[in-house]
>>> print(open('final.txt').read())   # compact mmCIF, C-alpha atoms
# COMPACT_ATOMS: atom_id res chain seq x y z
CA MET A 1 88.85 125.19 20.13
CA SER A 2 85.11 124.76 19.94
CA ALA A 3 85.04 121.01 19.50
CA PRO A 4 81.94 119.33 20.92
CA ALA A 5 82.54 117.68 24.29
CA LEU A 6 82.59 114.07 23.26
CA THR A 7 83.91 111.16 25.24
CA ALA A 8 86.00 108.25 24.04
CA MET A 9 83.07 105.89 24.69
CA GLN A 10 80.71 107.98 22.56
CA GLN A 11 83.28 107.72 19.78
CA GLY A 12 83.50 103.95 20.27
CA LEU A 13 87.05 104.16 21.66
CA GLN A 14 88.50 102.45 24.71
CA ARG A 15 91.20 103.87 26.93
CA CYS A 16 93.66 101.35 28.34
CA GLU A 17 93.78 101.74 32.13
CA THR A 18 97.31 100.40 32.17
CA CYS A 19 99.15 102.26 29.44
CA GLY A 20 96.67 104.99 28.48
CA LEU A 21 96.50 104.11 24.78
CA LEU A 22 93.24 104.76 22.95
CA SER A 23 92.06 102.06 20.58
CA ARG A 24 88.97 100.89 18.73
CA PRO A 25 87.44 97.47 19.46
CA ALA A 26 86.37 95.16 16.63
CA PRO A 27 82.93 96.16 15.24
CA GLY A 28 80.10 95.12 17.57
CA GLU A 29 82.46 94.08 20.38
CA ALA A 30 82.25 95.61 23.87
CA GLU A 31 85.50 94.06 25.04
CA GLY A 32 88.91 93.84 23.50
CA ARG A 33 92.62 93.91 24.12
CA CYS A 34 95.07 96.76 24.12
CA PRO A 35 97.26 96.41 21.02
CA ARG A 36 100.21 97.88 22.91
CA CYS A 37 100.22 96.22 26.35
CA ASP A 38 97.71 93.36 25.85
CA GLU A 39 95.50 94.49 28.78
CA GLU A 40 91.80 93.53 28.65
CA LEU A 41 89.76 96.59 27.72
CA HIS A 42 86.21 97.63 28.60
CA PHE A 43 84.39 100.89 28.04
CA ARG A 44 83.77 101.13 31.80
CA LYS A 45 84.95 99.03 34.75
CA THR A 46 82.87 95.82 34.78
CA ASP A 47 80.00 95.84 37.30
CA SER A 48 81.52 98.92 38.89
CA LEU A 49 78.51 100.06 40.96
CA ARG A 50 77.50 96.59 42.10
CA ARG A 51 81.02 95.69 43.22
CA THR A 52 81.44 99.03 44.98
CA VAL A 53 78.18 98.56 46.90
CA ALA A 54 79.12 94.98 47.82
CA TYR A 55 82.44 96.10 49.31
CA LEU A 56 80.69 98.96 51.12
CA ILE A 57 78.12 96.63 52.70
CA ALA A 58 80.90 94.30 53.84
CA ALA A 59 82.82 97.30 55.25
CA ALA A 60 79.72 98.60 57.07
CA ILE A 61 79.18 95.18 58.66
CA CYS A 62 82.79 95.08 59.89
CA TYR A 63 82.56 98.68 61.10
CA LEU A 64 80.49 97.75 64.18
CA PRO A 65 82.81 95.07 65.66
CA ALA A 66 85.77 97.26 64.64
CA ASN A 67 84.52 99.99 66.95
CA PHE A 68 82.90 98.00 69.75
CA LEU A 69 85.41 95.16 70.19
CA PRO A 70 88.73 95.91 71.92
CA VAL A 71 91.80 96.26 69.70
CA MET A 72 94.40 95.83 72.47
CA THR A 73 94.66 94.09 75.82
CA THR A 74 97.14 95.37 78.40
CA THR A 75 98.26 92.92 81.08
CA THR A 76 99.97 94.19 84.27
CA PHE A 77 100.30 93.00 87.88
CA ALA A 78 96.94 94.54 88.57
CA GLY A 79 95.18 92.40 85.99
CA SER A 80 94.33 92.98 82.36
CA GLU A 81 92.39 95.70 80.62
CA SER A 82 91.05 95.90 77.05
CA ASP A 83 90.71 99.07 75.01
CA THR A 84 88.59 99.84 71.97
CA ILE A 85 89.75 102.41 69.41
CA MET A 86 87.65 105.13 71.04
CA GLN A 87 89.14 104.33 74.47
CA GLY A 88 92.57 104.62 72.86
CA VAL A 89 91.65 108.11 71.65
CA VAL A 90 90.52 109.10 75.16
CA LEU A 91 93.68 107.65 76.75
CA LEU A 92 95.84 109.66 74.36
CA TRP A 93 94.07 112.90 75.30
CA SER A 94 96.44 114.95 77.48
CA PRO A 95 97.84 118.50 77.56
CA THR A 96 100.62 117.39 75.18
CA GLY A 97 99.04 114.45 73.38
CA TRP A 98 95.74 115.98 72.21
CA PRO A 99 96.81 116.74 68.61
CA LEU A 100 97.69 113.07 68.08
CA SER A 101 94.48 112.07 69.81
CA LEU A 102 92.54 114.17 67.29
CA ILE A 103 94.49 112.63 64.39
CA VAL A 104 93.57 109.12 65.54
CA LEU A 105 89.94 110.17 66.06
CA PHE A 106 89.83 111.48 62.47
CA ALA A 107 91.79 108.68 60.84
CA SER A 108 90.18 105.75 62.65
CA ILE A 109 86.61 106.76 63.33
CA MET A 110 85.59 109.64 61.09
CA ILE A 111 87.43 108.82 57.84
CA PRO A 112 86.13 105.21 57.50
CA SER A 113 82.52 106.24 58.09
CA ALA A 114 82.84 109.35 55.89
CA LYS A 115 84.29 107.15 53.14
CA ILE A 116 81.34 104.76 53.26
CA VAL A 117 78.81 107.64 53.22
CA ALA A 118 80.63 109.51 50.42
CA LEU A 119 80.88 106.47 48.16
CA LEU A 120 77.22 105.55 48.77
CA TYR A 121 76.29 109.12 47.79
CA LEU A 122 78.37 108.83 44.59
CA VAL A 123 76.80 105.46 43.70
CA PHE A 124 73.33 106.87 44.41
CA THR A 125 73.80 109.96 42.19
CA VAL A 126 75.25 107.84 39.36
CA ARG A 127 72.30 105.42 39.58
CA ARG A 128 69.90 108.35 39.37
CA GLY A 129 71.74 109.65 36.30
CA SER A 130 72.41 113.02 37.94
CA ILE A 131 73.98 115.68 35.72
CA GLU A 132 74.57 118.15 38.55
CA THR A 133 78.06 119.15 39.76
CA PRO A 134 79.98 116.26 38.18
CA GLY A 135 83.25 118.15 38.72
CA GLN A 136 82.67 118.40 42.46
CA ARG A 137 81.67 114.76 42.70
CA VAL A 138 84.85 113.64 40.94
CA ARG A 139 86.83 115.82 43.37
CA LEU A 140 85.02 114.11 46.25
CA TYR A 141 86.06 110.75 44.79
CA ARG A 142 89.71 111.83 44.47
CA LEU A 143 89.63 113.09 48.08
CA VAL A 144 88.26 109.75 49.34
CA GLU A 145 90.97 107.99 47.34
CA VAL A 146 93.77 110.12 48.81
CA ILE A 147 92.78 110.24 52.49
CA GLY A 148 91.49 106.67 52.73
CA ARG A 149 94.91 105.12 53.27
CA TRP A 150 95.43 107.16 56.46
CA SER A 151 92.84 105.02 58.25
CA MET A 152 95.53 102.36 58.47
CA VAL A 153 97.27 104.47 61.11
CA ASP A 154 95.58 102.71 64.04
CA VAL A 155 96.66 99.29 62.76
CA PHE A 156 100.27 100.49 62.90
CA VAL A 157 99.81 102.10 66.34
CA ASP A 158 98.59 98.78 67.73
CA THR A 159 101.28 96.77 65.90
CA PHE A 160 104.17 98.73 67.35
CA THR A 161 102.65 99.09 70.81
CA VAL A 162 102.34 95.31 70.91
CA ALA A 163 105.84 94.83 69.50
CA LEU A 164 107.49 97.06 72.09
CA ILE A 165 105.56 96.38 75.26
CA GLN A 166 106.48 92.77 75.93
CA LEU A 167 107.96 93.27 79.39
CA GLN A 168 106.57 90.15 81.03
CA PRO A 169 105.71 89.89 83.85
CA LEU A 170 105.81 93.64 84.38
CA MET A 171 103.56 94.73 81.56
CA SER A 172 102.60 93.30 78.20
CA VAL A 173 100.21 94.21 75.41
CA GLN A 174 98.38 91.76 73.14
CA PRO A 175 96.33 92.45 70.02
CA ALA A 176 92.57 91.86 70.49
CA PRO A 177 89.87 90.69 68.00
CA GLY A 178 88.70 94.23 67.09
CA LEU A 179 91.99 94.81 65.28
CA PHE A 180 91.10 92.28 62.58
CA PHE A 181 87.71 93.90 61.93
CA PHE A 182 89.24 97.36 61.88
CA ALA A 183 91.87 96.30 59.33
CA ALA A 184 89.06 94.69 57.31
CA VAL A 185 87.13 98.00 57.20
CA VAL A 186 90.21 99.81 55.87
CA VAL A 187 90.94 97.18 53.21
CA LEU A 188 87.30 96.80 52.12
CA THR A 189 86.78 100.56 51.73
CA MET A 190 90.01 100.80 49.72
CA LEU A 191 88.72 98.00 47.44
CA ALA A 192 85.39 99.85 47.13
CA VAL A 193 87.22 102.98 45.97
CA GLU A 194 89.21 100.89 43.50
CA SER A 195 86.05 99.31 42.02
CA PHE A 196 84.27 102.60 41.46
CA ASP A 197 84.66 104.07 37.97
CA PRO A 198 84.73 107.91 38.21
CA ARG A 199 83.88 108.22 34.49
CA LEU A 200 80.34 107.08 35.37
CA ILE A 201 79.91 110.39 37.22
CA TRP A 202 80.46 112.33 33.99
CA ASP A 203 78.56 110.05 31.63
CA PRO A 204 75.04 111.55 32.03
CA ALA A 205 76.44 115.09 31.61
CA SER A 206 78.47 113.96 28.58
CA SER A 207 75.50 112.49 26.75
CA LYS A 208 73.46 115.63 27.46
CA GLU A 209 76.24 117.85 26.09
CA ALA A 210 76.62 115.64 23.02
CA SER A 211 72.89 115.78 22.27
CA HIS A 212 73.05 119.60 22.17
CA VAL A 213 75.74 119.65 19.50
CA MET B 1 87.34 80.93 27.04
CA PRO B 2 88.05 82.56 23.71
CA ARG B 3 90.52 85.38 23.88
CA GLU B 4 89.15 88.79 22.96
CA SER B 5 90.56 90.08 19.72
CA ALA B 6 92.98 92.96 19.82
CA ASN B 7 91.71 96.49 19.30
CA ARG B 8 92.83 98.65 16.41
CA ALA B 9 95.15 101.49 17.42
CA LEU B 10 94.55 105.07 16.30
CA ALA B 11 96.98 106.64 13.90
CA ASP B 12 97.25 109.70 16.14
CA VAL B 13 98.97 108.81 19.46
CA ALA B 14 98.47 112.33 20.86
CA LEU B 15 94.72 111.70 21.05
CA VAL B 16 93.84 110.68 24.63
CA ALA B 17 90.85 110.29 26.93
CA CYS B 18 90.69 111.70 30.47
CA PRO B 19 90.84 108.84 33.02
CA ASN B 20 88.28 110.61 35.22
CA CYS B 21 85.71 111.95 32.75
CA ASP B 22 86.58 110.14 29.49
CA LEU B 23 86.68 113.38 27.51
CA LEU B 24 88.41 112.91 24.18
CA GLN B 25 91.17 115.46 23.60
CA ARG B 26 94.53 116.01 21.98
CA LEU B 27 97.61 116.31 24.22
CA PRO B 28 99.30 119.66 23.62
CA ALA B 29 102.99 119.65 22.70
CA ILE B 30 104.27 120.52 26.17
CA THR B 31 107.94 120.94 27.06
CA PRO B 32 109.64 119.11 29.96
CA GLY B 33 108.53 120.61 33.27
CA GLN B 34 105.04 121.39 32.00
CA THR B 35 101.83 119.57 32.87
CA ALA B 36 98.81 118.95 30.64
CA CYS B 37 95.38 118.87 32.33
CA CYS B 38 91.95 117.80 31.13
CA TRP B 39 90.14 120.95 30.04
CA ARG B 40 86.81 119.77 31.40
CA CYS B 41 87.62 118.31 34.83
CA GLY B 42 91.23 119.39 35.46
CA THR B 43 92.71 115.90 35.94
CA VAL B 44 96.42 115.76 35.19
CA LEU B 45 96.81 113.94 31.86
CA TRP B 46 100.54 114.16 31.35
CA ARG B 47 103.27 115.43 33.62
CA ARG B 48 106.39 115.85 31.53
CA ARG B 49 109.56 116.00 33.59
CA VAL B 50 113.07 117.24 32.85
CA ASP B 51 115.39 114.26 32.34
CA SER B 52 112.71 112.04 33.87
CA LEU B 53 114.27 108.62 33.44
CA ASN B 54 117.77 109.42 34.75
CA ARG B 55 116.52 111.38 37.75
CA THR B 56 113.98 108.73 38.64
CA LEU B 57 116.67 106.06 38.40
CA ALA B 58 118.90 107.99 40.83
CA LEU B 59 116.01 108.39 43.28
CA ALA B 60 115.05 104.73 42.96
CA VAL B 61 118.61 103.64 43.80
CA ALA B 62 118.57 105.95 46.85
CA ALA B 63 115.18 104.53 47.88
CA ALA B 64 116.48 100.96 47.56
CA VAL B 65 119.43 101.75 49.88
CA LEU B 66 117.16 103.44 52.43
CA TRP B 67 114.73 100.53 52.29
CA MET B 68 117.54 98.09 53.07
CA ILE B 69 118.71 100.16 56.04
CA ALA B 70 115.14 100.61 57.28
CA ASN B 71 114.56 96.87 57.35
CA SER B 72 117.85 95.66 58.75
CA VAL B 73 118.37 97.79 61.89
CA PRO B 74 116.08 98.40 64.89
CA MET B 75 113.38 101.03 64.46
CA LEU B 76 112.34 101.59 68.06
CA GLY B 77 113.53 100.72 71.49
CA LEU B 78 112.56 101.40 75.07
CA THR B 79 114.12 101.14 78.51
CA THR B 80 112.23 100.92 81.76
CA VAL B 81 113.27 99.72 85.21
CA GLY B 82 116.45 98.19 83.86
CA ARG B 83 114.77 96.35 80.97
CA GLU B 84 115.40 97.02 77.30
CA ALA B 85 113.36 96.10 74.24
CA PHE B 86 113.87 96.73 70.54
CA THR B 87 111.79 96.11 67.47
CA THR B 88 112.25 96.30 63.72
CA VAL B 89 109.43 96.88 61.23
CA ILE B 90 109.29 93.18 60.39
CA GLY B 91 109.43 92.39 64.12
CA GLY B 92 106.14 94.25 64.54
CA ALA B 93 104.42 92.07 61.95
CA ASP B 94 106.07 88.97 63.42
CA LEU B 95 104.68 89.66 66.90
CA LEU B 96 101.15 90.06 65.55
CA TRP B 97 101.57 86.70 63.82
CA GLN B 98 102.66 85.08 67.10
CA HIS B 99 99.59 86.52 68.82
CA ASP B 100 97.20 84.82 66.36
CA GLN B 101 96.54 87.88 64.21
CA GLN B 102 98.02 86.33 61.06
CA ILE B 103 95.86 88.24 58.59
CA VAL B 104 96.63 91.63 60.11
CA ALA B 105 100.29 90.62 60.35
CA VAL B 106 100.37 89.90 56.61
CA LEU B 107 98.66 93.23 55.91
CA VAL B 108 101.20 95.14 58.02
CA PHE B 109 104.10 93.29 56.37
CA PHE B 110 102.69 93.98 52.92
CA ALA B 111 101.93 97.68 53.47
CA ALA B 112 105.11 98.54 55.37
CA VAL B 113 107.75 96.26 53.84
CA LEU B 114 106.78 94.36 50.70
CA ALA B 115 104.74 96.94 48.75
CA PRO B 116 107.43 99.67 49.06
CA ALA B 117 110.04 97.10 47.97
CA LEU B 118 107.95 96.12 44.95
CA GLN B 119 107.33 99.79 44.13
CA ILE B 120 111.08 100.49 44.12
CA GLY B 121 111.84 97.21 42.34
CA VAL B 122 109.37 97.84 39.51
CA VAL B 123 110.74 101.32 38.87
CA LEU B 124 114.37 100.09 38.97
CA LEU B 125 113.68 97.20 36.60
CA VAL B 126 111.74 99.34 34.12
CA LEU B 127 114.32 102.13 34.12
CA LEU B 128 117.29 99.80 33.69
CA ALA B 129 115.49 98.15 30.76
CA ALA B 130 114.66 101.61 29.38
CA ARG B 131 118.33 102.31 28.74
CA ARG B 132 117.81 100.26 25.60
CA GLU B 133 116.21 101.79 22.52
CA ARG B 134 113.19 99.43 22.44
CA LEU B 135 111.65 97.91 25.56
CA PRO B 136 110.60 94.24 25.54
CA ALA B 137 106.87 93.60 26.11
CA TRP B 138 107.41 91.88 29.49
CA ILE B 139 108.49 95.24 30.91
CA GLY B 140 104.90 96.33 30.26
CA TRP B 141 103.68 93.43 32.38
CA VAL B 142 105.93 94.65 35.22
CA LEU B 143 105.00 98.31 34.81
CA ARG B 144 101.26 97.65 34.93
CA HIS B 145 101.57 96.66 38.60
CA LEU B 146 103.12 99.96 39.65
CA PRO B 147 99.81 101.71 40.58
CA LEU B 148 98.87 98.73 42.77
CA THR B 149 102.14 98.80 44.72
CA ARG B 150 101.80 102.56 45.14
CA THR B 151 98.28 102.26 46.57
CA TRP B 152 99.34 99.74 49.19
CA SER B 153 102.74 101.18 50.07
CA MET B 154 102.03 103.02 53.34
CA ILE B 155 105.31 104.05 54.94
CA GLU B 156 104.10 107.58 55.69
CA VAL B 157 101.00 106.19 57.42
CA MET B 158 103.17 103.79 59.39
CA LEU B 159 105.41 106.64 60.59
CA LEU B 160 102.38 108.52 61.91
CA GLY B 161 101.31 105.32 63.67
CA VAL B 162 104.78 104.99 65.21
CA LEU B 163 104.59 108.59 66.44
CA VAL B 164 101.26 107.90 68.16
CA ALA B 165 102.57 104.65 69.66
CA LEU B 166 105.65 106.47 70.97
CA THR B 167 103.50 109.11 72.65
CA LYS B 168 101.50 106.40 74.37
CA ILE B 169 104.55 104.43 75.46
CA ALA B 170 106.43 107.52 76.69
CA GLU B 171 104.17 107.42 79.76
CA TYR B 172 105.66 104.15 80.94
CA ALA B 173 109.16 104.03 79.55
CA THR B 174 112.00 105.95 77.95
CA VAL B 175 111.77 105.61 74.20
CA ILE B 176 114.88 105.24 72.01
CA PRO B 177 114.45 106.03 68.30
CA GLY B 178 116.47 103.60 66.15
CA HIS B 179 118.39 104.27 62.94
CA ALA B 180 115.63 102.69 60.87
CA LEU B 181 113.24 105.43 61.97
CA PHE B 182 115.42 108.08 60.32
CA ALA B 183 115.88 105.93 57.22
CA LEU B 184 112.09 105.53 56.95
CA PHE B 185 111.55 109.26 57.37
CA ALA B 186 113.96 109.93 54.49
CA LEU B 187 112.39 107.13 52.44
CA VAL B 188 108.97 108.82 52.55
CA PHE B 189 110.40 111.88 50.80
CA VAL B 190 112.58 109.96 48.35
CA LEU B 191 109.63 107.75 47.32
CA ALA B 192 107.42 110.80 46.78
CA ALA B 193 110.13 112.44 44.65
CA MET B 194 110.67 109.20 42.69
CA GLN B 195 106.96 108.96 42.00
CA SER B 196 106.60 112.53 40.79
CA SER B 197 109.69 112.50 38.57
CA PHE B 198 108.65 109.30 36.81
CA ASP B 199 106.91 109.73 33.44
CA PRO B 200 105.38 106.38 32.47
CA ARG B 201 104.17 107.81 29.16
CA GLU B 202 107.75 108.13 28.01
CA VAL B 203 108.39 104.47 28.84
CA TRP B 204 105.17 103.25 27.23
CA SER B 205 105.94 105.11 24.02
CA ARG B 206 109.08 102.99 23.58
CA MET B 207 107.53 99.62 24.48
CA GLU B 208 107.37 96.78 21.94
CA TRP B 209 103.71 96.31 21.04
CA ALA B 210 101.82 93.13 21.81
CA GLN B 211 100.40 93.43 18.30
CA ALA B 212 103.59 94.43 16.52
CA ASP B 213 101.86 95.04 13.18
CA ALA B 214 99.27 97.34 14.82
CA ARG B 215 101.89 99.88 15.78
CA PRO B 216 101.14 103.11 13.94
CA SER B 217 103.92 104.54 11.84
CA PRO B 218 105.72 106.83 12.22
CA SER B 219 106.08 105.04 15.52
CA GLU B 220 106.88 108.02 17.76
CA PRO B 221 105.41 111.48 17.87
CA PRO B 222 108.11 114.02 16.97
CA ARG B 223 108.16 115.79 20.35
CA GLU B 224 109.06 112.63 22.24
CA ALA B 225 111.95 111.86 19.94
CA SER B 226 113.65 115.11 20.99
CA ALA B 227 113.50 114.36 24.72
>>> encode(input="final.txt", output="structure tokens")
Amino acid sequence: MSAPALTAMQQGLQRCETCGLLSRPAPGEAEGRCPRCDEELHFRKTDSLRRTVAYLIAAAICYLPANFLPVMTTTTFAGSESDTIMQGVVLLWSPTGWPLSLIVLFASIMIPSAKIVALLYLVFTVRRGSIETPGQRVRLYRLVEVIGRWSMVDVFVDTFTVALIQLQPLMSVQPAPGLFFFAAVVVLTMLAVESFDPRLIWDPASSKEASHV
Amino acid sequence: MPRESANRALADVALVACPNCDLLQRLPAITPGQTACCWRCGTVLWRRRVDSLNRTLALAVAAAVLWMIANSVPMLGLTTVGREAFTTVIGGADLLWQHDQQIVAVLVFFAAVLAPALQIGVVLLVLLAARRERLPAWIGWVLRHLPLTRTWSMIEVMLLGVLVALTKIAEYATVIPGHALFALFALVFVLAAMQSSFDPREVWSRMEWAQADARPSPSEPPREASA
């Protein structure tokens, strides 16, 4: 088939994000409703880039206290000691525990920062109207979407360590303020991913292709 | 605020746009078991499954049973110097709440308990309603929340977290895995299978339309009628 590569938007059609149906808005209207499932329709997610950047800035602000404040406090006879996420990674490092230590290092420290950098890069290239490697950039977006949830792992580690080690007065573990900021980073980056519209990546390339037909 | 007017549907329901690149294309007439991908960016457009609705229903019932076991018996325990302690999944969230981490406690409860329950509940409700010929429009309202529950349902992430916590705790105490741990492990696989066997397109094609008169006729493409 040698049909010209045209997008639904160029044809004046809207795809329902809920049920997938294509439909045509009333003449001159940019917004409408899906005739099948009644969902509000737009050509692209509303204010996608601005909302994504806003969530990313909020996540970047929380990233510092998430990493520098302790997430857990351990109380024993000898006194109490607080650990940050990085100290948790170091404590886990042992001849048998090092693979898990690496997993926590990746999930808690590298993935959140990589997510912020990757999404900023995507927003930047879309703003610039880049037509280069749209396929790879969409794959990057899908990757960020899939691995992002694994950052939550440290929240669960701390939850169940706290839940189990309540052996007062022998030894007890309490959550510390860093945990809230860390959870906030994970949630905010997930919301940033959700707000970003991957179709924006392809739009400049699509209009270039269409103009050659 | 005035309500936006409804869009006009296309006569050809096989015409779709790629969710990732918006390319307009016609879905090929694939048979159950085959998958249709966008020819520009490779995104999966339609995954047609053999006997999708019945198999998904069976998996959803299994998932519901596993979820109930996972949340009613202890998940982890430990013994050290004559002391014993046990916790359930909800107990973990409850302890965070008691230690003034209410927001994180709600997040843990949502991701580990409530979102998986909603995910299973939505699929069960939709599939039981789908045994009828035509689906009422409110089923569409339920089904639209499925992607949200899937995004926030994080049992597999929680299990990895439990594994790390166990490794840490094993230094101080003897750890006892509870029955819920095995139920959760099975639930991860059953949920993944349920998700991949479910074909929402088949359900949507039988939904009553919000704009009943806008429904194109003939109402169903021939290849879906044979399924």
>>> closest_residue(input="final.txt", among="B:Val50, B:Ile69, B:Cys21, B:Ala165", to="B:Thr35", atoms="only C-alpha atoms")
B:Val50
>>> closest_atom_pairs(input="final.txt", of="chain A", to="chain B", cutoff="6 Å", atoms="all atoms listed in the file", output="CSV")
residue,atom,partner,partner_atom,distance
A:Leu6,CA,B:Leu23,CA,5.9
A:Thr7,CA,B:Leu23,CA,4.2
A:Ala8,CA,B:Leu24,CA,5.2
A:Thr18,CA,B:Arg144,CA,5.5
A:Ser23,CA,B:Ala9,CA,4.5
A:Arg24,CA,B:Arg8,CA,5.0
A:Pro25,CA,B:Asn7,CA,4.4
A:Gly32,CA,B:Glu4,CA,5.1
A:Arg33,CA,B:Ala6,CA,4.4
A:Cys34,CA,B:Asn7,CA,5.9
A:Pro35,CA,B:Gln211,CA,5.1
A:Arg36,CA,B:Trp209,CA,4.3
A:Cys37,CA,B:Ala210,CA,5.7
A:Asp38,CA,B:Ala210,CA,5.8
A:Gly135,CA,B:Cys41,CA,5.9
A:Trp150,CA,B:Val157,CA,5.7
A:Val153,CA,B:Gly161,CA,4.9
A:Phe156,CA,B:Gly161,CA,5.0
A:Val157,CA,B:Gly161,CA,4.4
A:Thr159,CA,B:Gly92,CA,5.6
A:Phe160,CA,B:Gly92,CA,5.6
A:Thr161,CA,B:Ala165,CA,5.7
A:Ala163,CA,B:Gly92,CA,5.0
A:Pro198,CA,B:Asn20,CA,5.4
A:Arg199,CA,B:Cys21,CA,4.5
A:Trp202,CA,B:Cys21,CA,5.4
>>> atom_distance(input="final.txt", atom1="atom CA of B:Pro32", atom2="atom CA of B:Ala192")
18.9 Å
>>> atom_distance(input="final.txt", atom1="atom CA of A:Leu200", atom2="atom CA of A:Arg44")
7.7 Å
>>> atom_distance(input="final.txt", atom1="atom CA of A:Arg51", atom2="atom CA of B:Thr149")
21.4 Å
>>> residues_around(input="final.txt", residues="B:Asp199", least_positions_apart="4", cutoff="9 Å", atoms="all atoms listed in the file", output="ChimeraX atom specification")
/B:46-49,52-53,56,195,203
>>> closest_residue(input="final.txt", among="B:Asn71, B:Thr79, B:Asn54, B:Gln34", to="B:Ile176", atoms="all atoms listed in the file")
B:Thr79
>>> closest_residue(input="final.txt", among="A:Asn67, A:Thr73, A:Thr133, A:Thr52", to="A:Pro175", atoms="all atoms listed in the file")
A:Thr73
>>> closest_residue(input="final.txt", among="A:Leu69, A:Val173, A:Leu56, A:Ile85", to="A:Ile116", atoms="only C-alpha atoms")
A:Leu56
>>> closest_residue(input="final.txt", among="B:Leu191, B:Ala170, B:Leu184, B:Val106", to="B:Ile120", atoms="only C-alpha atoms")
B:Leu191
